[in-house]
$ cat model.txt   # compact mmCIF, C-alpha atoms and all ligand atoms
# COMPACT_ATOMS: atom_id res chain seq x y z
CA MET A 865 -19.91 -62.53 36.15
CA ARG A 866 -18.18 -59.42 34.82
CA ILE A 867 -20.71 -56.66 34.14
CA ASP A 868 -19.93 -53.14 32.82
CA LEU A 869 -23.01 -50.90 32.46
CA HIS A 870 -21.72 -47.72 30.75
CA SER A 871 -19.72 -47.37 27.52
CA HIS A 872 -19.58 -45.29 24.32
CA THR A 873 -18.88 -45.86 20.63
CA THR A 874 -18.19 -43.72 17.56
CA VAL A 875 -21.98 -43.26 17.30
CA SER A 876 -21.46 -40.58 19.97
CA ASP A 877 -18.11 -39.52 21.40
CA GLY A 878 -16.31 -42.86 21.89
CA THR A 879 -13.42 -43.76 19.58
CA ASP A 880 -14.16 -47.50 19.11
CA THR A 881 -16.75 -48.59 16.55
CA PRO A 882 -19.55 -50.83 17.86
CA ALA A 883 -17.75 -53.85 16.35
CA GLU A 884 -14.43 -52.87 17.99
CA LEU A 885 -16.09 -52.25 21.37
CA LEU A 886 -17.85 -55.63 21.48
CA ALA A 887 -14.71 -57.44 20.31
CA LEU A 888 -12.80 -55.75 23.14
CA ALA A 889 -15.55 -56.70 25.61
CA ARG A 890 -15.19 -60.35 24.65
CA SER A 891 -11.39 -60.25 24.70
CA ILE A 892 -11.29 -58.90 28.27
CA GLY A 893 -13.89 -61.44 29.42
CA LEU A 894 -16.93 -59.25 30.02
CA ASP A 895 -20.16 -61.24 30.33
CA VAL A 896 -22.51 -58.24 30.09
CA LEU A 897 -21.97 -54.83 28.49
CA ALA A 898 -24.35 -51.86 28.34
CA VAL A 899 -23.63 -49.50 25.46
CA THR A 900 -24.94 -46.06 26.33
CA ASP A 901 -24.22 -43.52 23.60
CA HIS A 902 -25.30 -39.92 24.26
CA ASP A 903 -28.83 -38.80 23.29
CA THR A 904 -29.29 -41.32 20.45
CA PHE A 905 -30.36 -44.93 19.79
CA GLU A 906 -28.45 -45.17 16.52
CA HIS A 907 -25.77 -47.38 18.08
CA LEU A 908 -28.28 -50.09 19.01
CA PRO A 909 -28.68 -51.97 15.70
CA HIS A 910 -24.88 -52.06 15.36
CA VAL A 911 -24.14 -53.16 18.93
CA ARG A 912 -26.90 -55.79 18.84
CA ALA A 913 -25.30 -57.44 15.80
CA ALA A 914 -21.79 -57.15 17.25
CA ALA A 915 -22.85 -58.55 20.65
CA ALA A 916 -24.47 -61.55 18.99
CA ARG A 917 -21.29 -62.18 16.98
CA GLU A 918 -19.04 -61.94 20.04
CA GLY A 919 -21.30 -63.87 22.43
CA VAL A 920 -21.50 -60.97 24.92
CA GLU A 921 -24.82 -60.20 26.64
CA LEU A 922 -25.95 -56.71 25.64
CA LEU A 923 -27.97 -54.40 27.86
CA GLU A 924 -29.51 -51.74 25.62
CA GLY A 925 -28.80 -48.26 26.97
CA MET A 926 -28.55 -44.55 26.29
CA GLU A 927 -27.08 -41.62 28.28
CA LEU A 928 -29.52 -38.72 28.36
CA SER A 929 -28.18 -35.18 28.82
CA CYS A 930 -30.08 -33.43 31.62
CA GLU A 931 -29.46 -30.60 34.08
CA LEU A 932 -30.35 -29.31 37.52
CA GLU A 933 -29.99 -25.64 38.43
CA GLY A 934 -27.74 -25.08 35.43
CA HIS A 935 -25.40 -27.99 36.20
CA SER A 936 -25.00 -30.80 33.67
CA ILE A 937 -26.34 -34.16 34.87
CA HIS A 938 -26.21 -37.42 32.90
CA LEU A 939 -28.94 -40.02 33.21
CA LEU A 940 -28.45 -43.62 32.05
CA ALA A 941 -31.55 -45.24 30.59
CA TYR A 942 -31.71 -49.04 30.28
CA GLY A 943 -34.13 -51.39 28.57
CA MET A 944 -36.41 -48.62 27.29
CA ASP A 945 -38.76 -48.70 24.32
CA THR A 946 -36.60 -47.15 21.60
CA GLU A 947 -39.66 -46.07 19.65
CA ASP A 948 -41.31 -44.08 22.44
CA PRO A 949 -42.33 -40.86 20.63
CA THR A 950 -42.06 -38.55 23.65
CA LEU A 951 -38.56 -39.71 24.54
CA LEU A 952 -37.47 -39.63 20.88
CA ALA A 953 -38.73 -36.06 20.50
CA GLU A 954 -36.79 -34.90 23.56
CA MET A 955 -33.62 -36.66 22.34
CA ALA A 956 -33.97 -34.91 18.96
CA ARG A 957 -34.32 -31.56 20.74
CA ILE A 958 -31.13 -32.22 22.74
CA ARG A 959 -29.21 -33.21 19.58
CA ALA A 960 -30.41 -30.04 17.83
CA GLY A 961 -29.07 -28.05 20.81
CA ARG A 962 -25.70 -29.79 20.40
CA ALA A 963 -25.48 -28.64 16.77
CA ASP A 964 -26.80 -25.13 17.52
CA ARG A 965 -24.12 -24.21 20.02
CA LEU A 966 -21.22 -25.25 17.78
CA PRO A 967 -20.78 -21.89 15.93
CA ARG A 968 -20.70 -19.97 19.24
CA MET A 969 -18.12 -22.37 20.66
CA LEU A 970 -15.98 -22.06 17.52
CA ALA A 971 -16.17 -18.26 17.70
CA LYS A 972 -14.86 -18.37 21.27
CA LEU A 973 -12.03 -20.71 20.28
CA ALA A 974 -11.06 -18.36 17.43
CA GLU A 975 -10.98 -15.43 19.87
CA LEU A 976 -8.75 -17.50 22.14
CA GLY A 977 -6.30 -17.98 19.25
CA VAL A 978 -7.04 -21.66 18.58
CA PRO A 979 -9.34 -21.58 15.54
CA VAL A 980 -10.98 -24.68 14.07
CA SER A 981 -13.74 -24.75 11.44
CA ALA A 982 -17.13 -26.43 11.69
CA ALA A 983 -16.08 -28.65 8.78
CA GLU A 984 -13.07 -29.85 10.78
CA VAL A 985 -15.28 -30.71 13.77
CA LEU A 986 -17.83 -32.48 11.59
CA ALA A 987 -15.02 -34.46 9.97
CA GLN A 988 -14.01 -35.68 13.44
CA ALA A 989 -17.63 -36.56 14.32
CA GLY A 990 -18.01 -38.61 11.12
CA THR A 991 -21.54 -39.96 10.96
CA ALA A 992 -22.17 -39.55 14.72
CA PRO A 993 -25.64 -38.05 15.22
CA SER A 994 -24.60 -36.58 18.61
CA ILE A 995 -21.93 -33.92 18.11
CA GLY A 996 -20.11 -33.18 21.35
CA ARG A 997 -17.23 -31.26 22.83
CA PRO A 998 -14.97 -34.32 22.44
CA HIS A 999 -15.27 -33.89 18.64
CA VAL A 1000 -14.28 -30.22 19.01
CA ALA A 1001 -11.37 -31.45 21.13
CA ASP A 1002 -10.36 -33.90 18.40
CA ALA A 1003 -10.35 -31.04 15.85
CA LEU A 1004 -8.12 -29.01 18.19
CA VAL A 1005 -5.77 -32.01 18.43
CA ALA A 1006 -5.77 -32.50 14.63
CA ARG A 1007 -4.80 -28.81 14.19
CA GLY A 1008 -1.97 -29.19 16.69
CA HIS A 1009 -3.47 -26.66 19.11
CA VAL A 1010 -3.47 -29.26 21.93
CA ALA A 1011 -2.01 -32.72 22.44
CA SER A 1012 -5.10 -34.58 23.72
CA ARG A 1013 -8.81 -34.42 24.50
CA THR A 1014 -7.88 -34.06 28.14
CA GLU A 1015 -5.75 -30.98 27.43
CA ALA A 1016 -8.51 -29.50 25.25
CA PHE A 1017 -10.99 -29.82 28.13
CA GLN A 1018 -8.53 -28.55 30.72
CA ARG A 1019 -7.61 -25.42 28.74
CA PHE A 1020 -10.80 -24.58 26.82
CA LEU A 1021 -13.84 -26.86 26.85
CA ALA A 1022 -14.66 -27.81 30.44
CA ASP A 1023 -17.91 -26.49 31.96
CA ASP A 1024 -15.96 -23.67 33.62
CA GLY A 1025 -13.57 -23.26 30.66
CA PRO A 1026 -13.23 -20.15 28.45
CA ALA A 1027 -14.78 -21.73 25.33
CA TYR A 1028 -17.77 -23.30 27.10
CA VAL A 1029 -21.22 -22.63 25.68
CA ALA A 1030 -24.32 -24.04 27.38
CA ARG A 1031 -26.77 -26.13 25.36
CA TYR A 1032 -30.35 -27.28 25.82
CA ASN A 1033 -30.95 -30.01 28.44
CA PRO A 1034 -34.19 -31.13 30.08
CA ASP A 1035 -34.46 -30.92 33.88
CA ILE A 1036 -33.30 -34.16 35.54
CA ARG A 1037 -36.81 -34.76 36.98
CA THR A 1038 -38.27 -34.53 33.46
CA GLY A 1039 -35.52 -36.86 32.23
CA ILE A 1040 -36.33 -39.53 34.82
CA ASP A 1041 -40.05 -39.30 34.01
CA LEU A 1042 -39.33 -39.59 30.25
CA VAL A 1043 -37.21 -42.73 30.75
CA HIS A 1044 -39.90 -44.29 32.92
CA GLY A 1045 -42.56 -43.27 30.40
CA ALA A 1046 -40.64 -45.32 27.84
CA GLY A 1047 -40.55 -48.33 30.20
CA GLY A 1048 -36.86 -47.87 30.99
CA VAL A 1049 -34.82 -48.01 34.17
CA ALA A 1050 -33.23 -44.66 35.16
CA VAL A 1051 -29.78 -44.61 36.79
CA LEU A 1052 -27.81 -41.41 37.42
CA ALA A 1053 -24.37 -41.45 35.80
CA HIS A 1054 -21.39 -40.26 37.91
CA PRO A 1055 -23.58 -38.22 40.35
CA TRP A 1056 -20.56 -36.92 42.26
CA GLY A 1057 -18.32 -36.54 39.22
CA ARG A 1058 -16.96 -33.37 37.65
CA THR A 1059 -20.13 -31.43 36.91
CA SER A 1060 -23.00 -32.55 39.12
CA SER A 1061 -21.62 -33.11 42.63
CA THR A 1062 -22.52 -29.63 43.91
CA VAL A 1063 -26.25 -29.94 43.11
CA LEU A 1064 -26.77 -33.67 43.69
CA THR A 1065 -26.55 -33.61 47.47
CA GLU A 1066 -27.62 -36.64 49.48
CA SER A 1067 -31.00 -35.03 50.15
CA VAL A 1068 -31.55 -34.27 46.44
CA LEU A 1069 -30.67 -37.88 45.57
CA ALA A 1070 -33.20 -39.06 48.17
CA GLU A 1071 -35.83 -36.70 46.74
CA LEU A 1072 -35.23 -38.01 43.19
CA VAL A 1073 -35.72 -41.55 44.51
CA HIS A 1074 -38.79 -40.79 46.61
CA GLN A 1075 -40.57 -38.35 44.29
CA HIS A 1076 -39.49 -39.55 40.83
CA GLY A 1077 -38.69 -43.20 41.40
CA LEU A 1078 -35.04 -42.86 40.38
CA ASP A 1079 -33.84 -46.49 40.13
CA GLY A 1080 -30.23 -45.99 41.18
CA PHE A 1081 -26.94 -44.24 40.65
CA GLU A 1082 -23.38 -45.07 39.73
CA VAL A 1083 -21.23 -45.74 42.76
CA ASP A 1084 -18.01 -47.08 41.26
CA HIS A 1085 -16.95 -44.56 38.58
CA GLU A 1086 -13.50 -43.15 37.83
CA GLU A 1087 -14.63 -39.63 38.72
CA HIS A 1088 -15.55 -40.73 42.28
CA SER A 1089 -12.98 -40.90 45.08
CA LEU A 1090 -12.89 -43.95 47.37
CA GLU A 1091 -14.61 -41.90 50.09
CA GLN A 1092 -17.38 -40.82 47.69
CA ARG A 1093 -17.88 -44.42 46.57
CA ALA A 1094 -18.24 -45.58 50.16
CA ARG A 1095 -20.83 -42.87 50.92
CA LEU A 1096 -22.76 -43.49 47.71
CA ARG A 1097 -22.80 -47.25 48.37
CA THR A 1098 -24.22 -46.69 51.85
CA LEU A 1099 -26.78 -44.23 50.47
CA ALA A 1100 -27.93 -46.61 47.70
CA THR A 1101 -28.45 -49.36 50.26
CA ALA A 1102 -30.32 -47.02 52.63
CA LEU A 1103 -32.59 -45.83 49.79
CA GLY A 1104 -33.12 -49.35 48.43
CA VAL A 1105 -31.88 -48.47 44.95
CA LEU A 1106 -29.30 -49.85 42.53
CA GLY A 1107 -25.67 -48.89 43.15
CA THR A 1108 -23.84 -49.68 39.91
CA GLY A 1109 -20.20 -49.80 38.82
CA SER A 1110 -19.11 -48.92 35.30
CA SER A 1111 -16.15 -47.85 33.21
CA ASP A 1112 -17.80 -45.10 31.10
CA TYR A 1113 -15.28 -46.27 28.48
CA HIS A 1114 -14.70 -43.83 25.58
CA GLY A 1115 -11.86 -45.64 23.75
CA THR A 1116 -8.74 -43.52 23.42
CA GLY A 1117 -10.75 -40.38 24.30
CA LYS A 1118 -10.42 -40.89 28.07
CA PRO A 1119 -7.89 -42.77 30.18
CA GLN A 1120 -10.22 -45.34 31.80
CA GLN A 1121 -10.22 -48.87 30.42
CA LEU A 1122 -13.26 -51.01 29.61
CA GLY A 1123 -14.26 -53.06 32.65
CA CYS A 1124 -12.25 -50.92 35.11
CA ASN A 1125 -15.37 -50.78 37.34
CA LEU A 1126 -17.98 -53.52 37.46
CA THR A 1127 -21.56 -53.98 38.70
CA HIS A 1128 -22.37 -56.70 41.22
CA PRO A 1129 -24.40 -59.56 39.65
CA GLU A 1130 -27.17 -59.12 42.25
CA VAL A 1131 -27.53 -55.45 41.34
CA TYR A 1132 -27.68 -56.38 37.66
CA ALA A 1133 -30.32 -59.04 38.38
CA GLU A 1134 -32.46 -56.43 40.17
CA LEU A 1135 -32.00 -54.01 37.24
CA CYS A 1136 -33.20 -56.71 34.83
CA ARG A 1137 -36.13 -57.45 37.13
CA ARG A 1138 -37.14 -53.78 37.05
CA ILE A 1139 -36.97 -53.77 33.23
CA ALA A 1140 -39.09 -56.94 33.08
CA VAL A 1141 -41.72 -55.42 35.39
CA THR A 1142 -42.23 -52.44 33.07
CA ASP A 1143 -42.24 -54.73 30.01
CA GLY A 1144 -45.13 -56.63 31.53
CA GLU A 1145 -47.29 -53.51 31.98
P1 LIG B 1201 -20.95 -32.53 25.60
O1 LIG B 1201 -21.69 -33.82 25.36
O2 LIG B 1201 -20.66 -31.80 24.35
O3 LIG B 1201 -21.58 -31.68 26.66
O4 LIG B 1201 -19.53 -32.94 26.17
C1 LIG B 1201 -19.45 -33.67 27.36
C2 LIG B 1201 -18.71 -34.97 27.12
O5 LIG B 1201 -17.34 -34.68 27.04
C3 LIG B 1201 -18.86 -35.93 28.25
O6 LIG B 1201 -19.91 -36.82 28.04
C4 LIG B 1201 -17.57 -36.66 28.26
O7 LIG B 1201 -17.66 -37.78 27.41
C5 LIG B 1201 -16.58 -35.70 27.65
N1 LIG B 1201 -15.69 -35.06 28.62
C6 LIG B 1201 -16.03 -34.25 29.63
N2 LIG B 1201 -14.93 -33.84 30.28
C7 LIG B 1201 -13.87 -34.43 29.68
C8 LIG B 1201 -12.45 -34.41 29.89
N3 LIG B 1201 -11.90 -33.69 30.87
N4 LIG B 1201 -11.67 -35.14 29.07
C9 LIG B 1201 -12.22 -35.85 28.06
N5 LIG B 1201 -13.54 -35.92 27.82
C10 LIG B 1201 -14.36 -35.21 28.62
ZN ZN B 1202 -19.21 -39.10 26.35
FE FE B 1203 -21.58 -38.89 31.32
FE FE B 1204 -20.81 -41.59 29.52

$ encode --input "model.txt" --output "structure tokens"
Amino acid sequence: MRIDLHSHTTVSDGTDTPAELLALARSIGLDVLAVTDHDTFEHLPHVRAAAAREGVELLEGMELSCELEGHSIHLLAYGMDTEDPTLLAEMARIRAGRADRLPRMLAKLAELGVPVSAAEVLAQAGTAPSIGRPHVADALVARGHVASRTEAFQRFLADDGPAYVARYNPDIRTGIDLVHGAGGVAVLAHPWGRTSSTVLTESVLAELVHQHGLDGFEVDHEEHSLEQRARLRTLATALGVLGTGSSDYHGTGKPQQLGCNLTHPEVYAELCRRIAVTDGE
């Protein structure tokens, strides 16, 4: 079984449409794909239809923007009730924060000599309800200021970059509780990746498991070194939680390919069991 539990479409900051993503999943022989657009459920009706057409098993997901001590942390939610009013309200608040910071980010870019307009960014975002820095990056590329999303982040948009502007995020502990409140399974995305490794120490991960029932974390992710993967795998086993593997595929927006990391079938079976338990409550 080939199982990839983290991917994005044009409904957030991926560059493949839901139909393109599921067709690709089938063509590379994935059995299961979770589609986890940022802070929205709007991808789900589209990916459900596409998954049925392509004969790929879909795990319904979403990547919730959270933070801890000012550092960005991403939380994957799986199998949740997509009509849970508390979770929906928080997601709407996060999306509003995404839109609110855009003018300040554009002002900084103008000061840095690489101006783009809000209209240009919105044109790149299309109908995506979650506007993100990758859309700003695309506008910078379209203007010829940079050659790629990667260069836009390296020079301007990264968390420690000169055009960075913080936006609203719930605390990670609140995020985990919200996902559980909606009957979902909560798995930390790339805990030791670019932005969150300094705050998500082994003891903080253990605390999130013991005090908030965190269900697991990504082990095999492109932003983790082989040494980090080994340590995270050992830690997941010691804590009795899910250690997943995923591509975090964004289409042409990032270098990693769909299916470049996979989740073990036994881990996926346990994830499905945890979803079924909450469904039965
Ligand atoms: P935002 O959602 O606006 O905070 O932007 C963060 C998103 O930008 C992440 O979810 C990634 O998809 C993307 N991202 C972060 N760093 C990079 C990078 N160096 N290159 C390309 N995309 C990135
Ligand atoms: Zn993204
Ligand atoms: Fe992420
Ligand atoms: Fe992601």

$ residues_near_ligand --input "model.txt" --ligand "ligand LIG 1201 (chain B)" --cutoff "7 Å" --atoms "all atoms listed in the file" --output "list in words"
Asp877, Arg962, Ile995, Gly996, Arg997, Pro998, Arg1013, Thr1014, Phe1017, Gln1018, Ala1022, His1114, Gly1117 and Lys1118 of chain A

$ write_last_selection --input "model.txt" --atoms "C-alpha atoms" --output "CSV table (one decimal), in the coordinates of the input"
chain,number,residue,atom,x,y,z
A,877,ASP,CA,-18.1,-39.5,21.4
A,962,ARG,CA,-25.7,-29.8,20.4
A,995,ILE,CA,-21.9,-33.9,18.1
A,996,GLY,CA,-20.1,-33.2,21.4
A,997,ARG,CA,-17.2,-31.3,22.8
A,998,PRO,CA,-15.0,-34.3,22.4
A,1013,ARG,CA,-8.8,-34.4,24.5
A,1014,THR,CA,-7.9,-34.1,28.1
A,1017,PHE,CA,-11.0,-29.8,28.1
A,1018,GLN,CA,-8.5,-28.6,30.7
A,1022,ALA,CA,-14.7,-27.8,30.4
A,1114,HIS,CA,-14.7,-43.8,25.6
A,1117,GLY,CA,-10.8,-40.4,24.3
A,1118,LYS,CA,-10.4,-40.9,28.1

$ closest_atom_pairs --input "model.txt" --of "chain A" --to "ligand FE 1204 (chain B)" --cutoff "8 Å" --atoms "all atoms listed in the file" --output "Markdown table"
| residue | atom | partner | partner_atom | distance |
| --- | --- | --- | --- | --- |
| A:His870 | CA | B:FE1204 | FE | 6.3 |
| A:Ser871 | CA | B:FE1204 | FE | 6.2 |
| A:His872 | CA | B:FE1204 | FE | 6.5 |
| A:Thr900 | CA | B:FE1204 | FE | 6.9 |
| A:Asp901 | CA | B:FE1204 | FE | 7.1 |
| A:His902 | CA | B:FE1204 | FE | 7.1 |
| A:Glu927 | CA | B:FE1204 | FE | 6.4 |
| A:His938 | CA | B:FE1204 | FE | 7.6 |
| A:Ala1053 | CA | B:FE1204 | FE | 7.2 |
| A:Asp1112 | CA | B:FE1204 | FE | 4.9 |
| A:Tyr1113 | CA | B:FE1204 | FE | 7.3 |
| A:His1114 | CA | B:FE1204 | FE | 7.6 |

$ residues_around --input "model.txt" --residues "Ala1016 (chain A)" --least-positions-apart "3" --cutoff "9 Å" --atoms "all atoms listed in the file" --output "VMD selection string"
chain A and resid 998 1000 to 1002 1004 to 1005 1009 to 1013 1019 to 1022

$ closest_residue --input "model.txt" --among "A:Ala989, A:Ala913, A:Ala1030, A:Val1083" --to "Asn1125 (chain A)" --atoms "all atoms listed in the file"
A:Val1083

$ atom_distance --input "model.txt" --atom1 "CA of Thr991 (chain A)" --atom2 "atom ZN of ligand ZN 1202 (chain B)"
15.6 Å

$ atom_distance --input "model.txt" --atom1 "CA of Ala941 (chain A)" --atom2 "CA of Tyr1032 (chain A)"
18.6 Å

$ closest_residue --input "model.txt" --among "A:Ala1003, A:Leu928, A:Val1073, A:Val899" --to "ligand FE 1203 (chain B)" --atoms "all atoms listed in the file"
A:Leu928

$ closest_residue --input "model.txt" --among "A:Thr1065, A:His1128, A:Gly1109, A:Asp903" --to "Ala953 (chain A)" --atoms "only C-alpha atoms"
A:Asp903

$ decode --input "model.txt" --residues "region 1022-1047 of chain A" --atoms "N, CA, C and O atoms" --output "PDB file, in the first residue's frame"
ATOM      1  N   ALA A1022      10.360  34.595   3.952  1.00  0.00           N
ATOM      2  CA  ALA A1022      10.524  33.609   5.034  1.00  0.00           C
ATOM      3  C   ALA A1022      10.225  34.255   6.392  1.00  0.00           C
ATOM      4  O   ALA A1022      10.211  35.483   6.509  1.00  0.00           O
ATOM      5  N   ASP A1023      10.011  33.420   7.407  1.00  0.00           N
ATOM      6  CA  ASP A1023       9.652  33.929   8.740  1.00  0.00           C
ATOM      7  C   ASP A1023      10.672  34.927   9.291  1.00  0.00           C
ATOM      8  O   ASP A1023      10.328  35.798  10.078  1.00  0.00           O
ATOM      9  N   ASP A1024      11.930  34.770   8.897  1.00  0.00           N
ATOM     10  CA  ASP A1024      12.946  35.743   9.336  1.00  0.00           C
ATOM     11  C   ASP A1024      13.342  36.678   8.192  1.00  0.00           C
ATOM     12  O   ASP A1024      14.384  37.326   8.247  1.00  0.00           O
ATOM     13  N   GLY A1025      12.502  36.751   7.156  1.00  0.00           N
ATOM     14  CA  GLY A1025      12.807  37.589   5.991  1.00  0.00           C
ATOM     15  C   GLY A1025      12.351  39.029   6.183  1.00  0.00           C
ATOM     16  O   GLY A1025      11.545  39.334   7.066  1.00  0.00           O
ATOM     17  N   PRO A1026      12.838  39.949   5.328  1.00  0.00           N
ATOM     18  CA  PRO A1026      12.561  41.382   5.510  1.00  0.00           C
ATOM     19  C   PRO A1026      11.119  41.801   5.205  1.00  0.00           C
ATOM     20  O   PRO A1026      10.704  42.867   5.645  1.00  0.00           O
ATOM     21  N   ALA A1027      10.359  40.976   4.491  1.00  0.00           N
ATOM     22  CA  ALA A1027       8.970  41.359   4.186  1.00  0.00           C
ATOM     23  C   ALA A1027       7.963  40.578   5.026  1.00  0.00           C
ATOM     24  O   ALA A1027       6.752  40.640   4.782  1.00  0.00           O
ATOM     25  N   TYR A1028       8.468  39.847   6.026  1.00  0.00           N
ATOM     26  CA  TYR A1028       7.566  39.013   6.836  1.00  0.00           C
ATOM     27  C   TYR A1028       6.663  39.866   7.718  1.00  0.00           C
ATOM     28  O   TYR A1028       7.104  40.826   8.339  1.00  0.00           O
ATOM     29  N   VAL A1029       5.399  39.492   7.767  1.00  0.00           N
ATOM     30  CA  VAL A1029       4.436  40.106   8.688  1.00  0.00           C
ATOM     31  C   VAL A1029       3.687  38.961   9.366  1.00  0.00           C
ATOM     32  O   VAL A1029       3.180  38.060   8.688  1.00  0.00           O
ATOM     33  N   ALA A1030       3.643  38.995  10.704  1.00  0.00           N
ATOM     34  CA  ALA A1030       2.953  37.926  11.435  1.00  0.00           C
ATOM     35  C   ALA A1030       1.445  38.017  11.188  1.00  0.00           C
ATOM     36  O   ALA A1030       0.915  39.079  10.850  1.00  0.00           O
ATOM     37  N   ARG A1031       0.760  36.912  11.350  1.00  0.00           N
ATOM     38  CA  ARG A1031      -0.703  36.910  11.232  1.00  0.00           C
ATOM     39  C   ARG A1031      -1.289  36.121  12.397  1.00  0.00           C
ATOM     40  O   ARG A1031      -0.557  35.445  13.116  1.00  0.00           O
ATOM     41  N   TYR A1032      -2.606  36.192  12.535  1.00  0.00           N
ATOM     42  CA  TYR A1032      -3.250  35.515  13.667  1.00  0.00           C
ATOM     43  C   TYR A1032      -3.166  33.991  13.544  1.00  0.00           C
ATOM     44  O   TYR A1032      -3.483  33.431  12.486  1.00  0.00           O
ATOM     45  N   ASN A1033      -2.762  33.324  14.602  1.00  0.00           N
ATOM     46  CA  ASN A1033      -2.801  31.856  14.712  1.00  0.00           C
ATOM     47  C   ASN A1033      -3.244  31.482  16.117  1.00  0.00           C
ATOM     48  O   ASN A1033      -2.796  32.102  17.083  1.00  0.00           O
ATOM     49  N   PRO A1034      -4.052  30.451  16.277  1.00  0.00           N
ATOM     50  CA  PRO A1034      -4.329  29.955  17.629  1.00  0.00           C
ATOM     51  C   PRO A1034      -3.104  29.244  18.195  1.00  0.00           C
ATOM     52  O   PRO A1034      -2.256  28.758  17.446  1.00  0.00           O
ATOM     53  N   ASP A1035      -3.025  29.154  19.514  1.00  0.00           N
ATOM     54  CA  ASP A1035      -1.984  28.371  20.179  1.00  0.00           C
ATOM     55  C   ASP A1035      -2.147  26.896  19.779  1.00  0.00           C
ATOM     56  O   ASP A1035      -3.269  26.412  19.587  1.00  0.00           O
ATOM     57  N   ILE A1036      -1.031  26.186  19.656  1.00  0.00           N
ATOM     58  CA  ILE A1036      -1.086  24.782  19.217  1.00  0.00           C
ATOM     59  C   ILE A1036      -1.968  23.929  20.133  1.00  0.00           C
ATOM     60  O   ILE A1036      -2.678  23.036  19.672  1.00  0.00           O
ATOM     61  N   ARG A1037      -1.950  24.234  21.457  1.00  0.00           N
ATOM     62  CA  ARG A1037      -2.782  23.428  22.380  1.00  0.00           C
ATOM     63  C   ARG A1037      -4.261  23.652  22.100  1.00  0.00           C
ATOM     64  O   ARG A1037      -5.067  22.712  22.113  1.00  0.00           O
ATOM     65  N   THR A1038      -4.630  24.896  21.786  1.00  0.00           N
ATOM     66  CA  THR A1038      -6.012  25.194  21.393  1.00  0.00           C
ATOM     67  C   THR A1038      -6.342  24.465  20.096  1.00  0.00           C
ATOM     68  O   THR A1038      -7.438  23.914  19.939  1.00  0.00           O
ATOM     69  N   GLY A1039      -5.382  24.486  19.152  1.00  0.00           N
ATOM     70  CA  GLY A1039      -5.608  23.827  17.857  1.00  0.00           C
ATOM     71  C   GLY A1039      -5.901  22.343  18.018  1.00  0.00           C
ATOM     72  O   GLY A1039      -6.843  21.813  17.426  1.00  0.00           O
ATOM     73  N   ILE A1040      -5.094  21.668  18.841  1.00  0.00           N
ATOM     74  CA  ILE A1040      -5.302  20.224  19.060  1.00  0.00           C
ATOM     75  C   ILE A1040      -6.686  19.997  19.669  1.00  0.00           C
ATOM     76  O   ILE A1040      -7.444  19.114  19.230  1.00  0.00           O
ATOM     77  N   ASP A1041      -7.040  20.802  20.663  1.00  0.00           N
ATOM     78  CA  ASP A1041      -8.349  20.643  21.311  1.00  0.00           C
ATOM     79  C   ASP A1041      -9.495  20.883  20.323  1.00  0.00           C
ATOM     80  O   ASP A1041     -10.521  20.197  20.360  1.00  0.00           O
ATOM     81  N   LEU A1042      -9.329  21.871  19.429  1.00  0.00           N
ATOM     82  CA  LEU A1042     -10.376  22.158  18.427  1.00  0.00           C
ATOM     83  C   LEU A1042     -10.570  20.981  17.477  1.00  0.00           C
ATOM     84  O   LEU A1042     -11.701  20.617  17.137  1.00  0.00           O
ATOM     85  N   VAL A1043      -9.451  20.399  17.034  1.00  0.00           N
ATOM     86  CA  VAL A1043      -9.533  19.250  16.107  1.00  0.00           C
ATOM     87  C   VAL A1043     -10.214  18.078  16.805  1.00  0.00           C
ATOM     88  O   VAL A1043     -11.108  17.424  16.243  1.00  0.00           O
ATOM     89  N   HIS A1044      -9.826  17.822  18.047  1.00  0.00           N
ATOM     90  CA  HIS A1044     -10.467  16.731  18.790  1.00  0.00           C
ATOM     91  C   HIS A1044     -11.935  17.026  19.043  1.00  0.00           C
ATOM     92  O   HIS A1044     -12.789  16.126  18.971  1.00  0.00           O
ATOM     93  N   GLY A1045     -12.252  18.297  19.321  1.00  0.00           N
ATOM     94  CA  GLY A1045     -13.648  18.683  19.535  1.00  0.00           C
ATOM     95  C   GLY A1045     -14.517  18.401  18.314  1.00  0.00           C
ATOM     96  O   GLY A1045     -15.722  18.179  18.434  1.00  0.00           O
ATOM     97  N   ALA A1046     -13.879  18.434  17.135  1.00  0.00           N
ATOM     98  CA  ALA A1046     -14.599  18.143  15.890  1.00  0.00           C
ATOM     99  C   ALA A1046     -14.478  16.664  15.512  1.00  0.00           C
ATOM    100  O   ALA A1046     -14.801  16.277  14.381  1.00  0.00           O
ATOM    101  N   GLY A1047     -14.008  15.837  16.456  1.00  0.00           N
ATOM    102  CA  GLY A1047     -13.922  14.391  16.191  1.00  0.00           C
ATOM    103  C   GLY A1047     -12.772  13.998  15.281  1.00  0.00           C
ATOM    104  O   GLY A1047     -12.746  12.886  14.750  1.00  0.00           O
TER     105      GLY A1047
END
